[in-house]
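Asker: Below is the file protein11.cif, with mmCIF, C-alpha atoms and all ligand atoms.
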data_protein
loop_
_atom_site.label_atom_id
_atom_site.label_comp_id
_atom_site.auth_asym_id
_atom_site.auth_seq_id
_atom_site.Cartn_x
_atom_site.Cartn_y
_atom_site.Cartn_z
CA MET A 272 -16.65 22.01 8.58
CA THR A 273 -18.79 18.99 9.40
CA GLY A 274 -22.55 18.57 9.33
CA ARG A 275 -22.50 15.65 11.75
CA ALA A 276 -21.84 16.30 15.42
CA THR A 277 -18.87 14.25 16.60
CA PRO A 278 -18.34 15.25 20.25
CA ARG A 279 -16.92 11.89 21.33
CA SER A 280 -14.38 11.76 18.51
CA GLY A 281 -13.52 15.38 19.35
CA ALA A 282 -13.00 14.59 23.04
CA LEU A 283 -10.93 11.49 22.31
CA PHE A 284 -8.81 13.44 19.83
CA GLU A 285 -8.09 16.06 22.52
CA ARG A 286 -7.01 13.35 24.96
CA ALA A 287 -5.04 11.51 22.27
CA GLN A 288 -3.10 14.65 21.39
CA SER A 289 -1.93 15.01 24.98
CA VAL A 290 -0.47 11.49 25.08
CA THR A 291 0.45 10.75 21.43
CA PRO A 292 2.16 13.03 18.89
CA GLY A 293 -0.59 14.54 16.75
CA GLY A 294 -3.11 12.25 18.43
CA VAL A 295 -2.53 9.38 15.99
CA ASN A 296 -0.27 6.37 15.63
CA SER A 297 0.33 6.83 11.92
CA PRO A 298 0.43 10.34 10.41
CA VAL A 299 -2.07 9.97 7.59
CA ARG A 300 -4.85 9.02 10.04
CA ALA A 301 -4.80 12.63 11.21
CA PHE A 302 -6.68 14.97 8.95
CA SER A 303 -3.61 17.19 8.41
CA ALA A 304 -4.19 17.32 4.64
CA VAL A 305 -7.92 18.03 4.81
CA GLY A 306 -8.47 19.73 8.18
CA GLY A 307 -10.85 18.70 10.94
CA THR A 308 -11.02 15.88 13.44
CA PRO A 309 -10.43 12.24 12.55
CA ARG A 310 -13.28 9.93 13.48
CA PHE A 311 -12.53 7.45 16.21
CA ILE A 312 -13.96 4.15 15.06
CA ARG A 313 -15.62 1.85 17.57
CA SER A 314 -16.50 -1.08 15.33
CA ALA A 315 -16.68 -2.22 11.74
CA ARG A 316 -18.69 -4.83 9.88
CA GLY A 317 -18.75 -5.56 6.17
CA ALA A 318 -18.32 -2.31 4.25
CA TRP A 319 -19.26 -0.10 7.22
CA LEU A 320 -17.42 1.71 9.99
CA THR A 321 -19.22 2.96 13.09
CA ASP A 322 -17.65 5.83 15.01
CA VAL A 323 -17.81 6.48 18.74
CA ASP A 324 -20.64 8.99 18.17
CA GLY A 325 -22.74 6.29 16.48
CA HIS A 326 -22.38 7.53 12.87
CA GLU A 327 -21.95 4.97 10.12
CA TYR A 328 -19.62 5.38 7.13
CA VAL A 329 -19.05 3.36 4.00
CA ASP A 330 -15.38 2.50 4.31
CA LEU A 331 -13.24 3.33 1.27
CA ILE A 332 -10.00 3.04 3.25
CA CYS A 333 -10.35 -0.65 4.20
CA SER A 334 -7.52 -0.21 6.75
CA TRP A 335 -5.35 1.14 3.88
CA GLY A 336 -5.83 -2.03 1.88
CA PRO A 337 -5.95 -5.13 4.06
CA MET A 338 -9.72 -5.60 4.43
CA LEU A 339 -10.25 -7.22 1.03
CA LEU A 340 -13.25 -9.21 2.24
CA GLY A 341 -14.71 -6.43 4.36
CA HIS A 342 -14.66 -6.11 8.15
CA ALA A 343 -15.41 -8.93 10.58
CA HIS A 344 -15.91 -11.52 7.87
CA PRO A 345 -17.60 -14.43 9.70
CA GLU A 346 -15.29 -17.17 8.39
CA VAL A 347 -12.16 -15.13 9.05
CA LEU A 348 -13.39 -14.35 12.57
CA GLU A 349 -14.12 -18.02 13.19
CA ALA A 350 -10.59 -19.01 12.14
CA ILE A 351 -9.11 -16.25 14.32
CA ASN A 352 -11.22 -17.18 17.36
CA GLU A 353 -10.24 -20.83 17.07
CA ALA A 354 -6.58 -19.84 16.84
CA VAL A 355 -6.76 -17.38 19.75
CA ALA A 356 -8.24 -20.09 21.97
CA ARG A 357 -5.08 -22.13 21.40
CA GLY A 358 -2.80 -19.31 22.63
CA THR A 359 -1.55 -16.19 20.92
CA SER A 360 2.22 -16.60 20.38
CA TYR A 361 4.67 -19.43 20.99
CA GLY A 362 8.00 -18.33 19.54
CA THR A 363 8.29 -21.70 17.79
CA PRO A 364 7.47 -22.78 14.25
CA THR A 365 3.75 -23.38 13.62
CA GLU A 366 1.57 -24.96 10.93
CA PRO A 367 -0.25 -21.76 9.83
CA GLU A 368 3.12 -20.23 8.84
CA VAL A 369 3.78 -23.15 6.50
CA LEU A 370 0.28 -23.02 5.03
CA LEU A 371 0.42 -19.26 4.44
CA ALA A 372 3.89 -19.50 2.90
CA GLU A 373 2.65 -22.25 0.58
CA GLU A 374 -0.34 -20.11 -0.43
CA ILE A 375 1.93 -17.14 -1.24
CA VAL A 376 4.37 -19.32 -3.18
CA ALA A 377 1.43 -20.78 -5.13
CA ARG A 378 0.00 -17.37 -6.07
CA THR A 379 3.14 -15.42 -6.88
CA PRO A 380 6.51 -16.06 -8.56
CA VAL A 381 8.40 -16.21 -5.23
CA GLU A 382 10.05 -19.51 -4.36
CA LYS A 383 10.58 -18.88 -0.65
CA VAL A 384 9.18 -16.38 1.84
CA ARG A 385 10.12 -15.06 5.27
CA PHE A 386 7.43 -13.51 7.49
CA VAL A 387 7.83 -10.22 9.33
CA SER A 388 5.35 -7.95 11.13
CA SER A 389 5.09 -4.86 8.90
CA GLY A 390 5.64 -3.77 5.33
CA THR A 391 8.46 -1.55 6.54
CA GLU A 392 10.26 -4.54 7.97
CA ALA A 393 9.69 -6.43 4.72
CA THR A 394 11.29 -3.77 2.49
CA MET A 395 14.08 -3.08 5.01
CA SER A 396 14.93 -6.78 5.14
CA ALA A 397 14.67 -7.25 1.37
CA ILE A 398 17.16 -4.42 0.87
CA ARG A 399 19.56 -5.85 3.44
CA LEU A 400 19.32 -9.21 1.70
CA ALA A 401 19.93 -7.63 -1.71
CA ARG A 402 22.98 -5.85 -0.33
CA GLY A 403 24.23 -9.03 1.33
CA PHE A 404 23.68 -11.04 -1.85
CA THR A 405 25.33 -8.61 -4.24
CA GLY A 406 27.99 -7.21 -1.92
CA ARG A 407 26.95 -3.71 -3.09
CA ASP A 408 25.34 -0.82 -1.21
CA VAL A 409 23.42 1.52 -3.54
CA VAL A 410 19.63 1.34 -3.80
CA ILE A 411 17.48 2.95 -6.50
CA LYS A 412 13.93 4.03 -5.71
CA PHE A 413 11.37 6.26 -7.43
CA ALA A 414 10.03 9.60 -6.21
CA GLY A 415 6.46 9.15 -4.98
CA CYS A 416 6.87 5.44 -4.24
CA TYR A 417 6.51 4.70 -0.54
CA HIS A 418 8.12 1.60 0.90
CA GLY A 419 7.60 2.20 4.61
CA HIS A 420 9.73 4.30 6.93
CA VAL A 421 13.06 2.63 6.21
CA ASP A 422 15.90 5.16 6.62
CA ALA A 423 17.44 4.50 3.21
CA LEU A 424 14.02 4.82 1.54
CA LEU A 425 13.01 8.09 3.22
CA ALA A 426 15.27 9.90 0.80
CA SER A 427 14.69 12.77 -1.59
CA ALA A 428 16.30 13.25 -4.95
CA GLY A 429 19.66 15.02 -4.86
CA SER A 430 20.62 17.93 -7.05
CA GLY A 431 20.42 16.04 -10.34
CA LEU A 432 19.29 12.76 -11.85
CA ALA A 433 21.50 9.81 -11.04
CA THR A 434 23.08 11.65 -8.10
CA LEU A 435 22.87 10.24 -4.60
CA ALA A 436 19.96 11.35 -2.45
CA VAL A 437 19.59 13.50 0.64
CA PRO A 438 17.55 12.67 3.78
CA GLY A 439 13.81 12.99 3.22
CA THR A 440 13.15 13.68 6.91
CA PRO A 441 15.10 14.84 9.94
CA GLY A 442 16.50 11.78 11.70
CA VAL A 443 17.71 10.01 8.57
CA PRO A 444 21.52 10.17 8.48
CA ALA A 445 23.04 11.63 5.33
CA SER A 446 25.00 8.38 5.11
CA ALA A 447 21.79 6.29 4.86
CA ALA A 448 20.22 8.54 2.22
CA GLY A 449 23.58 8.85 0.50
CA GLU A 450 23.41 5.23 -0.62
CA THR A 451 20.06 5.85 -2.35
CA ILE A 452 19.30 7.23 -5.80
CA VAL A 453 15.82 8.69 -6.29
CA LEU A 454 14.53 8.81 -9.88
CA PRO A 455 11.33 10.07 -11.54
CA TYR A 456 8.79 7.28 -12.03
CA ASN A 457 8.20 5.91 -15.54
CA ASP A 458 11.44 7.53 -16.74
CA ARG A 459 13.49 4.92 -18.62
CA ALA A 460 16.20 7.38 -19.59
CA ALA A 461 16.81 8.28 -15.94
CA VAL A 462 17.09 4.60 -15.02
CA THR A 463 19.52 3.96 -17.87
CA ALA A 464 21.62 6.98 -16.86
CA ALA A 465 21.77 5.93 -13.19
CA PHE A 466 22.92 2.43 -14.09
CA ALA A 467 25.43 3.83 -16.58
CA GLU A 468 26.96 5.98 -13.87
CA HIS A 469 26.71 3.74 -10.79
CA GLY A 470 25.98 0.25 -12.24
CA ASP A 471 28.66 -1.71 -10.40
CA ARG A 472 27.62 -0.18 -7.04
CA ILE A 473 23.87 -0.81 -7.35
CA ALA A 474 22.58 -3.61 -5.12
CA CYS A 475 18.93 -3.30 -6.07
CA LEU A 476 16.17 -1.23 -7.55
CA ILE A 477 12.94 -1.18 -5.54
CA THR A 478 9.62 -0.06 -6.97
CA GLU A 479 5.96 -0.42 -6.10
CA ALA A 480 4.52 -2.97 -8.55
CA THR A 481 2.00 -0.29 -9.40
CA PRO A 482 2.51 2.83 -7.32
CA GLY A 483 -0.45 3.52 -5.07
CA ASN A 484 1.16 5.92 -2.63
CA MET A 485 1.12 9.01 -4.87
CA GLY A 486 -2.37 8.05 -5.97
CA VAL A 487 -2.51 5.18 -8.44
CA VAL A 488 0.11 5.72 -11.15
CA PRO A 489 0.37 2.65 -13.38
CA PRO A 490 3.70 1.80 -14.96
CA GLU A 491 3.80 2.60 -18.66
CA PRO A 492 3.51 -0.60 -20.73
CA GLY A 493 6.68 -2.66 -20.37
CA PHE A 494 8.23 -0.38 -17.70
CA ASN A 495 8.51 -3.02 -14.95
CA GLY A 496 9.86 -5.55 -17.44
CA PHE A 497 12.45 -2.97 -18.53
CA LEU A 498 13.45 -2.47 -14.87
CA ALA A 499 13.79 -6.23 -14.34
CA GLN A 500 15.98 -6.56 -17.43
CA THR A 501 18.13 -3.51 -16.61
CA CYS A 502 18.80 -4.89 -13.13
CA ARG A 503 19.71 -8.28 -14.57
CA ASP A 504 22.09 -6.67 -17.11
CA HIS A 505 23.97 -4.96 -14.27
CA GLY A 506 23.96 -7.74 -11.67
CA ALA A 507 21.53 -5.85 -9.42
CA LEU A 508 18.35 -7.29 -7.90
CA PHE A 509 14.87 -6.13 -8.89
CA ILE A 510 12.60 -5.78 -5.85
CA SER A 511 8.90 -5.39 -6.52
CA ASP A 512 7.13 -3.97 -3.48
CA GLU A 513 3.67 -5.52 -3.39
CA VAL A 514 2.79 -4.53 0.17
CA MET A 515 -0.18 -2.57 -1.19
CA THR A 516 -0.89 -4.33 -4.48
CA GLY A 517 -0.22 -7.90 -3.33
CA PHE A 518 -3.42 -10.02 -3.40
CA ARG A 519 -5.29 -6.72 -3.87
CA ALA A 520 -4.78 -5.27 -7.37
CA THR A 521 -5.49 -8.75 -8.76
CA ARG A 522 -5.43 -12.24 -7.27
CA GLU A 523 -1.73 -12.36 -8.26
CA GLY A 524 -1.17 -8.78 -7.13
CA GLY A 525 0.39 -6.09 -9.29
CA TRP A 526 2.53 -8.77 -10.95
CA GLY A 527 -0.71 -10.25 -12.31
CA LEU A 528 -1.14 -7.08 -14.40
CA ASP A 529 2.20 -7.24 -16.22
CA GLY A 530 4.86 -9.77 -15.15
CA ALA A 531 2.48 -12.73 -15.37
CA VAL A 532 1.53 -11.66 -18.89
CA GLU A 533 4.96 -10.55 -20.13
CA GLY A 534 6.87 -13.45 -18.58
CA TRP A 535 9.36 -11.83 -16.19
CA THR A 536 9.72 -12.27 -12.44
CA PRO A 537 11.16 -9.98 -9.78
CA ASP A 538 14.17 -11.27 -7.84
CA LEU A 539 12.53 -10.30 -4.57
CA MET A 540 9.00 -9.23 -3.64
CA THR A 541 7.53 -7.73 -0.51
CA PHE A 542 4.01 -8.28 0.78
CA GLY A 543 1.83 -7.01 3.64
CA LYS A 544 -1.70 -5.68 4.17
CA VAL A 545 -4.10 -8.28 2.63
CA MET A 546 -1.88 -11.25 3.53
CA GLY A 547 -2.26 -10.37 7.23
CA GLY A 548 -6.06 -10.29 7.16
CA GLY A 549 -6.06 -7.15 9.33
CA PHE A 550 -3.25 -8.28 11.65
CA PRO A 551 0.39 -7.13 11.67
CA ALA A 552 1.85 -9.60 9.19
CA ALA A 553 4.05 -9.00 6.16
CA ALA A 554 6.62 -10.94 4.18
CA PHE A 555 9.44 -10.78 1.72
CA GLY A 556 10.33 -13.55 -0.67
CA GLY A 557 11.85 -14.39 -4.00
CA ARG A 558 14.45 -16.49 -5.75
CA ALA A 559 15.48 -19.53 -3.72
CA ASP A 560 19.21 -18.79 -4.21
CA VAL A 561 18.77 -15.22 -2.93
CA MET A 562 16.52 -16.23 -0.01
CA GLY A 563 19.07 -18.93 0.80
CA ARG A 564 21.49 -16.18 1.90
CA LEU A 565 19.19 -15.42 4.83
CA ALA A 566 19.92 -16.65 8.38
CA PRO A 567 19.87 -19.41 9.49
CA GLU A 568 20.54 -20.85 6.01
CA GLY A 569 22.96 -18.09 5.06
CA PRO A 570 24.89 -15.22 6.65
CA VAL A 571 22.46 -12.28 6.23
CA TYR A 572 20.84 -11.68 9.61
CA GLN A 573 17.11 -11.07 9.99
CA ALA A 574 14.75 -12.05 12.82
CA GLY A 575 11.54 -11.16 14.71
CA THR A 576 9.92 -12.14 18.04
CA LEU A 577 6.41 -12.07 16.58
CA SER A 578 7.30 -12.96 12.97
CA GLY A 579 4.80 -15.48 11.57
CA ASN A 580 2.56 -14.99 14.61
CA PRO A 581 -0.06 -17.78 14.64
CA ILE A 582 -3.08 -15.47 14.86
CA ALA A 583 -1.83 -13.16 12.12
CA THR A 584 -0.92 -16.01 9.78
CA THR A 585 -4.26 -17.72 10.47
CA ALA A 586 -6.14 -14.51 9.63
CA GLY A 587 -4.07 -14.03 6.48
CA LEU A 588 -4.54 -17.61 5.36
CA ALA A 589 -8.31 -17.47 5.89
CA THR A 590 -8.45 -14.22 3.92
CA LEU A 591 -6.38 -15.49 1.01
CA ARG A 592 -8.32 -18.76 0.81
CA LEU A 593 -11.61 -16.85 0.63
CA ALA A 594 -10.20 -14.46 -1.99
CA THR A 595 -11.34 -16.43 -5.04
CA PRO A 596 -11.32 -15.20 -8.63
CA GLU A 597 -15.03 -14.37 -8.16
CA VAL A 598 -14.13 -12.03 -5.29
CA TYR A 599 -11.70 -10.12 -7.53
CA ALA A 600 -14.28 -9.96 -10.32
CA ALA A 601 -16.80 -8.50 -7.87
CA LEU A 602 -14.26 -5.97 -6.54
CA SER A 603 -13.45 -4.93 -10.08
CA ALA A 604 -17.13 -4.44 -10.90
CA THR A 605 -17.59 -2.33 -7.75
CA ALA A 606 -14.56 -0.25 -8.74
CA ASP A 607 -16.06 0.21 -12.24
CA THR A 608 -19.35 1.46 -10.77
CA ILE A 609 -17.74 3.90 -8.34
CA ILE A 610 -15.25 5.18 -10.92
CA GLY A 611 -18.05 5.78 -13.44
CA ALA A 612 -20.05 7.74 -10.89
CA VAL A 613 -17.03 9.77 -9.73
CA VAL A 614 -16.25 10.76 -13.31
CA ASP A 615 -19.90 11.68 -13.99
CA ALA A 616 -20.23 13.74 -10.82
CA LEU A 617 -16.94 15.64 -11.21
CA THR A 618 -17.58 16.23 -14.92
CA ALA A 619 -21.09 17.56 -14.23
CA ALA A 620 -19.70 19.91 -11.57
CA GLY A 621 -16.86 21.06 -13.84
CA VAL A 622 -14.12 19.84 -11.48
CA PRO A 623 -10.84 18.90 -13.22
CA HIS A 624 -10.04 15.25 -12.51
CA ALA A 625 -8.27 12.13 -13.71
CA VAL A 626 -9.16 8.69 -12.38
CA GLN A 627 -6.44 6.03 -12.61
CA ARG A 628 -6.60 2.39 -11.65
CA ALA A 629 -4.61 -0.82 -11.29
CA GLY A 630 -6.91 -3.82 -11.15
CA THR A 631 -9.27 -3.25 -8.23
CA MET A 632 -7.31 -0.24 -6.88
CA PHE A 633 -8.02 3.27 -8.10
CA SER A 634 -7.59 6.90 -7.16
CA VAL A 635 -8.88 10.28 -8.21
CA PHE A 636 -6.47 13.09 -9.08
CA PHE A 637 -7.96 16.55 -8.75
CA ARG A 638 -6.31 17.85 -11.92
CA ASP A 639 -6.73 17.45 -15.67
CA GLY A 640 -4.80 14.84 -17.61
CA ALA A 641 -3.17 11.49 -16.91
CA VAL A 642 -0.52 11.36 -14.18
CA SER A 643 2.67 9.40 -14.86
CA ASP A 644 4.93 10.47 -11.99
CA PHE A 645 5.10 12.26 -8.66
CA ALA A 646 5.69 15.68 -10.22
CA GLY A 647 2.37 15.27 -12.03
CA ALA A 648 0.57 13.97 -8.95
CA SER A 649 1.81 16.99 -7.01
CA THR A 650 -0.02 19.47 -9.24
CA GLN A 651 -3.43 18.54 -7.82
CA ASP A 652 -5.97 20.98 -6.41
CA THR A 653 -5.70 19.72 -2.84
CA ALA A 654 -8.17 22.35 -1.58
CA ALA A 655 -10.82 20.97 -3.94
CA PHE A 656 -10.06 17.48 -2.63
CA ALA A 657 -10.43 18.65 0.99
CA ALA A 658 -13.88 20.08 0.26
CA PHE A 659 -14.84 16.90 -1.59
CA PHE A 660 -13.54 14.72 1.25
CA HIS A 661 -15.55 16.52 3.93
CA ALA A 662 -18.75 16.50 1.90
CA MET A 663 -18.33 12.74 1.41
CA LEU A 664 -17.66 12.27 5.13
CA ASP A 665 -20.77 14.27 6.03
CA ALA A 666 -22.77 12.03 3.70
CA GLY A 667 -21.41 8.90 5.37
CA VAL A 668 -18.45 7.92 3.18
CA TYR A 669 -14.98 7.66 4.73
CA LEU A 670 -12.36 8.34 2.02
CA PRO A 671 -8.61 8.32 2.65
CA PRO A 672 -7.95 11.82 4.03
CA SER A 673 -5.41 12.73 1.35
CA ALA A 674 -5.55 13.34 -2.39
CA PHE A 675 -2.45 11.14 -2.79
CA GLU A 676 -4.01 7.86 -1.68
CA SER A 677 -5.61 4.92 -3.37
CA TRP A 678 -9.28 4.19 -2.63
CA PHE A 679 -10.00 0.63 -1.54
CA VAL A 680 -13.20 -1.37 -1.92
CA SER A 681 -14.01 -4.76 -0.43
CA ALA A 682 -16.09 -7.80 -1.33
CA ALA A 683 -18.58 -6.57 1.29
CA HIS A 684 -19.32 -3.36 -0.63
CA ASP A 685 -22.85 -4.36 -1.56
CA GLU A 686 -25.62 -2.43 -3.29
CA ARG A 687 -26.52 -0.43 -0.16
CA ALA A 688 -22.92 0.63 0.43
CA VAL A 689 -22.33 1.52 -3.22
CA ALA A 690 -25.64 3.41 -3.37
CA THR A 691 -24.52 5.50 -0.37
CA VAL A 692 -21.34 6.41 -2.24
CA LEU A 693 -23.21 7.22 -5.46
CA ASP A 694 -25.73 9.41 -3.61
CA ALA A 695 -22.93 11.35 -1.92
CA LEU A 696 -20.88 12.04 -5.06
CA PRO A 697 -22.89 14.82 -6.77
CA ILE A 698 -23.02 16.89 -3.55
CA ALA A 699 -19.32 16.36 -2.89
CA ALA A 700 -18.47 17.28 -6.49
CA GLN A 701 -20.42 20.53 -6.05
CA ALA A 702 -18.48 21.22 -2.85
CA ALA A 703 -15.20 20.64 -4.72
CA ALA A 704 -16.31 23.07 -7.45
CA LYS A 705 -16.66 26.02 -5.05
N1 LIG B 801 5.30 -0.59 0.90
C1 LIG B 801 4.17 -0.11 0.38
C2 LIG B 801 3.96 -0.15 -1.10
C3 LIG B 801 3.18 0.43 1.21
O1 LIG B 801 2.06 0.91 0.67
C4 LIG B 801 3.42 0.46 2.60
C5 LIG B 801 2.41 1.04 3.51
O2 LIG B 801 1.47 1.67 3.12
C6 LIG B 801 4.61 -0.07 3.09
C7 LIG B 801 5.53 -0.59 2.22
C8 LIG B 801 4.89 -0.06 4.56
O3 LIG B 801 4.06 -0.98 5.19
P1 LIG B 801 3.76 -0.82 6.76
O4 LIG B 801 2.90 0.39 6.92
O5 LIG B 801 3.04 -2.10 7.11
O6 LIG B 801 5.07 -0.70 7.45
#
Write the structure described by the file as structure tokens, please.
Ligand code: PLP

Answerer:
Amino acid sequence: MTGRATPRSGALFERAQSVTPGGVNSPVRAFSAVGGTPRFIRSARGAWLTDVDGHEYVDLICSWGPMLLGHAHPEVLEAINEAVARGTSYGTPTEPEVLLAEEIVARTPVEKVRFVSSGTEATMSAIRLARGFTGRDVVIKFAGCYHGHVDALLASAGSGLATLAVPGTPGVPASAAGETIVLPYNDRAAVTAAFAEHGDRIACLITEATPGNMGVVPPEPGFNGFLAQTCRDHGALFISDEVMTGFRATREGGWGLDGAVEGWTPDLMTFGKVMGGGFPAAAFGGRADVMGRLAPEGPVYQAGTLSGNPIATTAGLATLRLATPEVYAALSATADTIIGAVVDALTAAGVPHAVQRAGTMFSVFFRDGAVSDFAGASTQDTAAFAAFFHAMLDAGVYLPPSAFESWFVSAAHDERAVATVLDALPIAAQAAAK
């Protein structure tokens, strides 16, 4: 399957599988969707990953979003090294937490934030807070939106629209999924029907600001604003999950694409990835009156030993401070170039495709026609993607190993890195055509 010999990755994968389920610490890192052996990465610099066999790859995963500036950015490393030399965790308040919170408050509509260590914790805590604030239990989410592995959010749609959901995986109690309603994305009528039926029981609706976890599926114009208004009309909270899009899709995140223009704000937002600069840091935040219900100010409990860790917050702060409007303009231009070349290559090879984007994020669907929800995303030719993926990998480009993922570029994707991607595309498109 691969043209490049990868004996060391192969050997490590064998050993990993005997001590770790599936050999990986997060499922999508395995190549389950595309076949083959994941590369074990030894180091990364700029736009490039180097594996344990010495092969280099242009990185289009960027750690699933965080590495906005590229790997081992000198100024970020300097800030981290200075912080590490002062100790790694104190369990007391620190200055970097205040500075990072101020930066997030300045760049988004949230008034207060609380730091946690993962996006999952952020969405889990935001939902608890919404339930505590409203005194209600039901949560609405959309099929194809991923919000981390929170029990209530690993739910699948029940037998009909507006009915309560069933567990999406073994291990989730029916009671946890039974407080969730799963609706088709971009479907206003389904949202209206769910609120009509359950309105006074709905604590919150959570959505990705722009879904990136079924591939990139932008909200139809006005959809997020409609969600915000519908929640307000029914006394529910609107939670915009910006773990992926935050400080990535635009400088103001996904909200920069619609809310900032249309003039609405979510009640709560969740962040992660870019704001941690490659460390485990995430946050949730929002309206001061809602955040004021959180312990120790209010009665809703939430805590974390490593929350606001000084190294993680220092890395995040350095990253956000370096993420100027020029950086986002450069990322957007790089996305334009790669998207143009992907479309040309797949068109020339006769491979059905649709490229969709949200600011600097984009993804390629291996099917004809625009995708507006998870049902549409699911009709892709995943075998064609697998062939495409492996041809790209052989040519030195590491794509996310799934057709349902966003591709991420960084400010370090320079001419050489982009040229490597462009050179690889026609061959990979041919492979996908077979
Ligand atoms: N929310 C969104 C939109 C995500 O994309 C993710 C992770 O990909 C999460 C939440 C969960 O974040 P984490 O993996 O840090 O728990």

Asker: Counting all atoms listed in the file, figure out which residue out of A:Ala499, A:Val299, A:Ala600, A:Ile473 gets nearest to Gly530 (chain A).

Answerer: A:Ala499

Asker: Find the residues of chain A that sit at most 7 Å from ligand LIG 801 (chain B); for each, write down the nearest two atoms and how far apart they are in Å, to one decimal. Count all atoms listed in the file. Sort by chain, then by number going up, and give it as a tab-separated table.

Answerer:
residue	atom	partner	partner_atom	distance
A:Trp335	CA	B:LIG801	O2	6.9
A:Ser389	CA	B:LIG801	O5	3.9
A:Gly390	CA	B:LIG801	O3	3.2
A:Thr391	CA	B:LIG801	O6	3.6
A:Glu392	CA	B:LIG801	O6	6.5
A:Thr394	CA	B:LIG801	C7	6.6
A:Tyr417	CA	B:LIG801	C1	5.4
A:His418	CA	B:LIG801	N1	3.6
A:Gly419	CA	B:LIG801	C8	3.5
A:His420	CA	B:LIG801	O6	6.9
A:Glu479	CA	B:LIG801	C2	5.4
A:Gly483	CA	B:LIG801	O1	6.8
A:Asn484	CA	B:LIG801	O1	6.1
A:Asp512	CA	B:LIG801	C2	5.5
A:Glu513	CA	B:LIG801	C2	5.8
A:Val514	CA	B:LIG801	C1	4.6
A:Met515	CA	B:LIG801	O1	4.5
A:Gly543	CA	B:LIG801	O5	6.1
A:Lys544	CA	B:LIG801	O5	6.6

Asker: Okay, now the selection with C-alpha atoms, as a PDB file, in the coordinates of the input?

Answerer:
ATOM      1  CA  TRP A 335      -5.350   1.140   3.880  1.00  0.00           C
ATOM      2  CA  SER A 389       5.090  -4.860   8.900  1.00  0.00           C
ATOM      3  CA  GLY A 390       5.640  -3.770   5.330  1.00  0.00           C
ATOM      4  CA  THR A 391       8.460  -1.550   6.540  1.00  0.00           C
ATOM      5  CA  GLU A 392      10.260  -4.540   7.970  1.00  0.00           C
ATOM      6  CA  THR A 394      11.290  -3.770   2.490  1.00  0.00           C
ATOM      7  CA  TYR A 417       6.510   4.700  -0.540  1.00  0.00           C
ATOM      8  CA  HIS A 418       8.120   1.600   0.900  1.00  0.00           C
ATOM      9  CA  GLY A 419       7.600   2.200   4.610  1.00  0.00           C
ATOM     10  CA  HIS A 420       9.730   4.300   6.930  1.00  0.00           C
ATOM     11  CA  GLU A 479       5.960  -0.420  -6.100  1.00  0.00           C
ATOM     12  CA  GLY A 483      -0.450   3.520  -5.070  1.00  0.00           C
ATOM     13  CA  ASN A 484       1.160   5.920  -2.630  1.00  0.00           C
ATOM     14  CA  ASP A 512       7.130  -3.970  -3.480  1.00  0.00           C
ATOM     15  CA  GLU A 513       3.670  -5.520  -3.390  1.00  0.00           C
ATOM     16  CA  VAL A 514       2.790  -4.530   0.170  1.00  0.00           C
ATOM     17  CA  MET A 515      -0.180  -2.570  -1.190  1.00  0.00           C
ATOM     18  CA  GLY A 543       1.830  -7.010   3.640  1.00  0.00           C
ATOM     19  CA  LYS A 544      -1.700  -5.680   4.170  1.00  0.00           C
TER      20      LYS A 544
END

Asker: Quick one, how far is CA of Pro551 (chain A) from CA of Glu568 (chain A)?

Answerer: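 CA of Glu568 (chain A) lies at a distance of 25.0 Å from CA of Pro551 (chain A).
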
Asker: Using all atoms listed in the file, which residues sit within 12 Å of Gly294 (chain A) once same-chain residues fewer than 3 positions away are excluded, as a PyMOL selection string?

Answerer: chain A and resi 280-291+297-303+308-311

Asker: Figure out the distance between CA of Ala372 (chain A) and CA of Arg385 (chain A), please, to one decimal in Å.

Answerer: 8.0 Å

Asker: Quick one: residues within 7 Å of Ser677 (chain A), only C-alpha atoms counted, chain neighbours fewer than 6 positions away excluded, as number ranges by chain?

Answerer: A: 483-484, 486-487, 632-634

Asker: Could you give me, as a list in words, the residues that sit within 8 Å of (9.3, -15.9, 3.0) in the file's coordinates, counting all atoms listed in the file?

Answerer: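 Those within range, by chain then number, are Ala372, Lys383, Val384, Arg385, Phe386, Ala554, Phe555, Gly556, Gly557 and Met562 of chain A.
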
Asker: I need the chosen residues saved as a PDB file, keeping the file's coordinate frame, with C-alpha atoms.

Answerer:
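The resulting file, result.pdb, is shown below:
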ATOM      1  CA  ALA A 372       3.890 -19.500   2.900  1.00  0.00           C
ATOM      2  CA  LYS A 383      10.580 -18.880  -0.650  1.00  0.00           C
ATOM      3  CA  VAL A 384       9.180 -16.380   1.840  1.00  0.00           C
ATOM      4  CA  ARG A 385      10.120 -15.060   5.270  1.00  0.00           C
ATOM      5  CA  PHE A 386       7.430 -13.510   7.490  1.00  0.00           C
ATOM      6  CA  ALA A 554       6.620 -10.940   4.180  1.00  0.00           C
ATOM      7  CA  PHE A 555       9.440 -10.780   1.720  1.00  0.00           C
ATOM      8  CA  GLY A 556      10.330 -13.550  -0.670  1.00  0.00           C
ATOM      9  CA  GLY A 557      11.850 -14.390  -4.000  1.00  0.00           C
ATOM     10  CA  MET A 562      16.520 -16.230  -0.010  1.00  0.00           C
TER      11      MET A 562
END

Asker: What's the separation between CA of Trp526 (chain A) and CA of Ile398 (chain A), in Å to one decimal place?

Answerer: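 Between CA of Trp526 (chain A) and CA of Ile398 (chain A) the gap works out to 19.3 Å.
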
Asker: Return the single residue from A:Pro697, A:Pro337, A:Pro672, A:Gly579 that is closest to Gly306 (chain A), with distances computed using all atoms listed in the file.

Answerer: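 Ranking A:Pro697, A:Pro337, A:Pro672, A:Gly579 by distance to Gly306 (chain A), first place goes to A:Pro672.
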